[in-house]
Protein chains: 4
Amino acid sequence: MIGAGYWGPNLARNLRASREWNLAAICDVDIDRARRVADAVGGAPVTADVQSILADPLIDAVAIATPARTHHSIAMAALDAGKHVMAEKPLADTPEHGAEMVQRAAERGLVLMADHTSCYTPAVLKMREVIASGEIGDVLFVDSLRINFGLIQPDVDVFWDLAPHDLSIMDFVLPGGLHATSVSAHGSDPLSSGKSSIGHLAMPLTDGVMAHLHVNWLSPTRTRRMVIGGTRHTLVWDDLNPQQRLSIYDRGVDISSISRATAKDRRAANISYRVGDTRASAFEEREALGSVVAEFAGAIRENRDPRTSGAAGLRVLSILDAAAGSLAAFGAPHPLGHESHRADVAA
Amino acid sequence: MIGAGYWGPNLARNLRASREWNLAAICDVDIDRARRVADAVGGAPVTADVQSILADPLIDAVAIATPARTHHSIAMAALDAGKHVMAEKPLADTPEHGAEMVQRAAERGLVLMADHTSCYTPAVLKMREVIASGEIGDVLFVDSLRINFGLIQPDVDVFWDLAPHDLSIMDFVLPGGLHATSVSAHGSDPLSSGKSSIGHLAMPLTDGVMAHLHVNWLSPTRTRRMVIGGTRHTLVWDDLNPQQRLSIYDRGVDISSISRATAKDRRAANISYRVGDTRASAFEEREALGSVVAEFAGAIRENRDPRTSGAAGLRVLSILDAAAGSLAAFGAPHPLGHESHRADVAA
Amino acid sequence: MIGAGYWGPNLARNLRASREWNLAAICDVDIDRARRVADAVGGAPVTADVQSILADPLIDAVAIATPARTHHSIAMAALDAGKHVMAEKPLADTPEHGAEMVQRAAERGLVLMADHTSCYTPAVLKMREVIASGEIGDVLFVDSLRINFGLIQPDVDVFWDLAPHDLSIMDFVLPGGLHATSVSAHGSDPLSSGKSSIGHLAMPLTDGVMAHLHVNWLSPTRTRRMVIGGTRHTLVWDDLNPQQRLSIYDRGVDISSISRATAKDRRAANISYRVGDTRASAFEEREALGSVVAEFAGAIRENRDPRTSGAAGLRVLSILDAAAGSLAAFGAPHPLGHESHRADVAA
Amino acid sequence: MIGAGYWGPNLARNLRASREWNLAAICDVDIDRARRVADAVGGAPVTADVQSILADPLIDAVAIATPARTHHSIAMAALDAGKHVMAEKPLADTPEHGAEMVQRAAERGLVLMADHTSCYTPAVLKMREVIASGEIGDVLFVDSLRINFGLIQPDVDVFWDLAPHDLSIMDFVLPGGLHATSVSAHGSDPLSSGKSSIGHLAMPLTDGVMAHLHVNWLSPTRTRRMVIGGTRHTLVWDDLNPQQRLSIYDRGVDISSISRATAKDRRAANISYRVGDTRASAFEEREALGSVVAEFAGAIRENRDPRTSGAAGLRVLSILDAAAGSLAAFGAPHPLGHESHRADVAA
């Protein structure tokens, strides 16, 4: 584990608790910080020298929990040293850096995983499963709210603080991942703090489908909610309702006897409405980070892409980058760049 | 009353029930329809000839409930005949037509009122009062959702169907009305019906404040909710919660000892957070349209602008028009035109 | 229809709207009141003379909507005249009177129906269907709340005002009806109004199962909710939640491989817990009273007991009577009398 | 601290964290268990010999967290040794034992505190404060629900498992404590487990006021809710709603110009209804047990009764005991015995 800051103790605790991992070392430039984390999890070797880790042939993989601007150089060195890599979100500081990491991992045949922790909560895992099963049909829209009355961050705006959670979840649950054609970002800074504290992202996907995300630091009510409408059912994830986090509404719009894939003009179609039962799924609560480290181990063992691959991390990063471009253009749609395409090819 | 269609029976019933109005005639090109409405409210003279109404010196005012494309010609003729005018929303079919109506009414010294019925519900009247009192402080953001699982309309998109409600409410409760500098509209048509069934409007106001509106025909859950954040309090209107339609949260962000009007740079300011009580206002339920016709009478009697003036109707119309422009430009921000400015001058 | 008071207009309107009924006459001692109701539903013959109705051979059935103390004499005369009878709740003023009515109807081979309107709402009809299907298993408990911030009635206490709704629903949905072995009633009158404004009924059923009802005029929040726990599922009816009136929880207590009917001692049994999905049923909203008059017609046509038979009305009445007995004894359990048993035999 | 079982680690942690306490020893007959708790809180002396603690002149007070049946003998010995005593709930195994403890503490001039932890949550502390301030007026009713889908306990019924929480809260927030004149208990055991898993307690207080409690192990939904109606306002505590735990409704029944204390007959009074605002209080979340140990220290330092005194513990115990009596009599009201009166005198 490289980096023993904010996220370090959680990561270290889950690596220790896992039967699949042996926590070989905790590395931090501040060795005292590394030691404190090691103590808190019942002891582990510590070092301030990242090279000693990369040079150790007994170490198979590294988990990088350092600041985003250092991910690229550490990850590239680790991949070149033959280590599998998991990086905290965001994957890197720029899409270009992220794309290089994805490409290098592909070339070396190594696992590169994005630690999109939110994707591994039981409710989100279930969402992915429900959508993949075809139960809701084709996706018609995605609408997400993350209102989290919270501290105005000194260094990042509300997009970089909150949006990665929802974007990574969208990428995780949509079949094939989140592929927007452009991003329009609207931010507002009513307190003149120098960066957006309220934001909206509109992301057209293919086929007239749009994903939308609203992030907000200033509202007194808390909301963490995503609605994914489908041709057959609609799925509502309400993360702050522990008694009913995931509901599936058998309510929707039927387009009689015309398959959605072929009909180019729906104007003449018969549209009818259905009002059916609602079903709320039950889950066992389980710590997401435990599933994250299990997935990293599984991907290495089975020599496969992790469910939150480097390419997924890059797609999220590319959208955040495009959002910054749209913000600078006062909300004009910003096309998604070539980096993510390259990554798709690579992946 | 001119026009006896969908809205006619409600309007006629409230005009009949009011002590301030004497319903002189119901006019519709389909005289049978006019007669049916007259019968339903206990009888009233009917006519198919709008000229006979305009020529009648005993008639002081007309309420126009015809299709939007006919508002301009009827209203201009009525104003020229010296009648006060109330028009259903939208005020007119184009901002240019609306601006002419506003200007003509001003020139003639006559009342021109937009029938923004939603503004006269007890909860919205209370919102206006609370904001006007200064209780929530300066407005920091407006966020509105209208999710109304409903029929896909044959002739209008979701913006023209649902947004006028929220835009007229925003215009009604914001001090000075809704003055956006531009509009970005994002629509999606996942059923290929030929028009948007899901839409988002981002409207920057002055001073870094943004109003945002989400309208949706396709979600199985119903929501009608507006959050207005202020420097002192935040107001939440939840129209579908009869037990608590309007809540005021004493929760917010304090910017110590720096008045928001003067501080141009908040970066150095001390920002602190408050978590206080919530207060839910109680109202007597009352039919909004009764208050509408009372307001029309009051404005005429007191020779003043109604609370939903023609200028208000024009501001809403201008935003819908700009939204259509932004949609045509794939979501690029569309500036607000001169018509609304002219209207402000006129009003 | 005999009696044109509070309930009369609704009943008359539904009889008129039904294809199965021909509203032959509206009878009220106050002929003007009868006439007003007739006018409101588009006209019907009126009379102040109940004998003329009973003597009319073309009249098959009467619906009695007079005060409860008059039900017995009118119903007995109508049954003796060969008319089918539907009576408003409560069926009669005393269980003895009710039992006579039930017996007389049985002797004459005529339908006697209790107008338990609450039972015919779509949600309650669905509850009955779900329980009858065996989906929730054997009933383990019934817990009902009716908190209805409301006027203190001048003539009845909170039990007589509110409990008939819940008791008739329990009787309707429990397989075989509501058969309590005794009733304990606890009332309180904190405003010293002379009668209970808050009340609790505890009603042991067979096999250790208990039904409980809480009625309250004084709470500021409104609740109308019944929970019916079963060995397989639990059903929650929340009448004031239009988005989810009826939920079925697949959550419960399993008693492994021991059938509940045979095991007399569960102490040694393996009890395990299940947490499964929740399902909320959708209904079309439909006026209950329309289904009431259809049921009355259906029972006559098919020569069968209506789903809310006279015997059902008598069971409700007997419980209210026993509750009054328990109240007089400061809450001591009051056994259920012989009247209801006699009715069961008769039915 | 005597007893290192289920509750021990929490208690030890809070005693260690408090500046007012010096955790002199952890005593348990199982010395290994004592040692594990000591280790978990950073170390403390351990012993298996309770006499050594009572003999230690440096120890001022003991916290007893052993099984209820041992409270009396340990507490009596500790009081005789001049130690202040705090005992877990229930205070003792019988009201007689509890009354002796209360009396002995009074005779010795020592503090006897009941550890009614639920009373020290921020919301309940606020409830007590609101009621004491007179804000809700005189109490008209108390209605409490604790539905806690949970394990059927091997040794206690649902009354002994769940009711102590609500009874201790009622005792804490009602001015003067919870003084019922009798208790009617209705239990049901639909699974034939040998003890009640669903229960109802009806407790008439003075002046026509009734407190009622419903406890339930078998419902799939969780509820922890208490409504306290007053002559001026009504207070609703909803412990499972973190966004609004405590609401005060300005909604109620007014009895015009007749003081409740004097009017013996309200039949002629003018009763009117009010519908006003609702206010939800905000709190800082704080661990209740920290406030418990602070209260114990404060009561000793200031030589006063703690807010949850031994007498309070005895009142709760007496109600549980009377409930068992009522259960044995099939729900007949059981009068409250002399023990609690003696305790009041003693306190």
# chains A, B, ... in the order shown; residues from 1 in each chain; ligands from 1
>>> residues_around(residues="region 160-166 of chain B", least_positions_apart="3", cutoff="8 Å", atoms="only C-alpha atoms", output="list in words")
Lys89, Pro90, His116, Ser118, Ser144, Arg146, Gln153, Val156, Asp157, Ile169, Met170, Leu213, Val215, Val316 and Leu320 of chain B
>>> residues_around(residues="Phe283 (chain C)", least_positions_apart="4", cutoff="10 Å", atoms="only C-alpha atoms", output="list in words")
Val275, Gly276 and Asp277 of chain A; Thr121, Pro122, Ala123, Lys126, Gln244, Arg245 and Leu246 of chain C
>>> closest_atom_pairs(of="chain C", to="chain B", cutoff="10 Å", atoms="only C-alpha atoms", output="CSV")
residue,atom,partner,partner_atom,distance
C:Pro220,CA,B:Gln243,CA,10.0
C:Thr221,CA,B:Gln243,CA,8.0
C:Arg222,CA,B:Gln243,CA,8.6
C:Asn241,CA,B:Asn241,CA,9.8
C:Gln243,CA,B:Thr221,CA,8.0
>>> select_by_dssp(residues="region 6-199 of chain A", states="strand (DSSP E)", output="PyMOL selection string")
chain A and resi 26-27+46-47+61-64+84-88+112-115+139-147+182-188+198-199
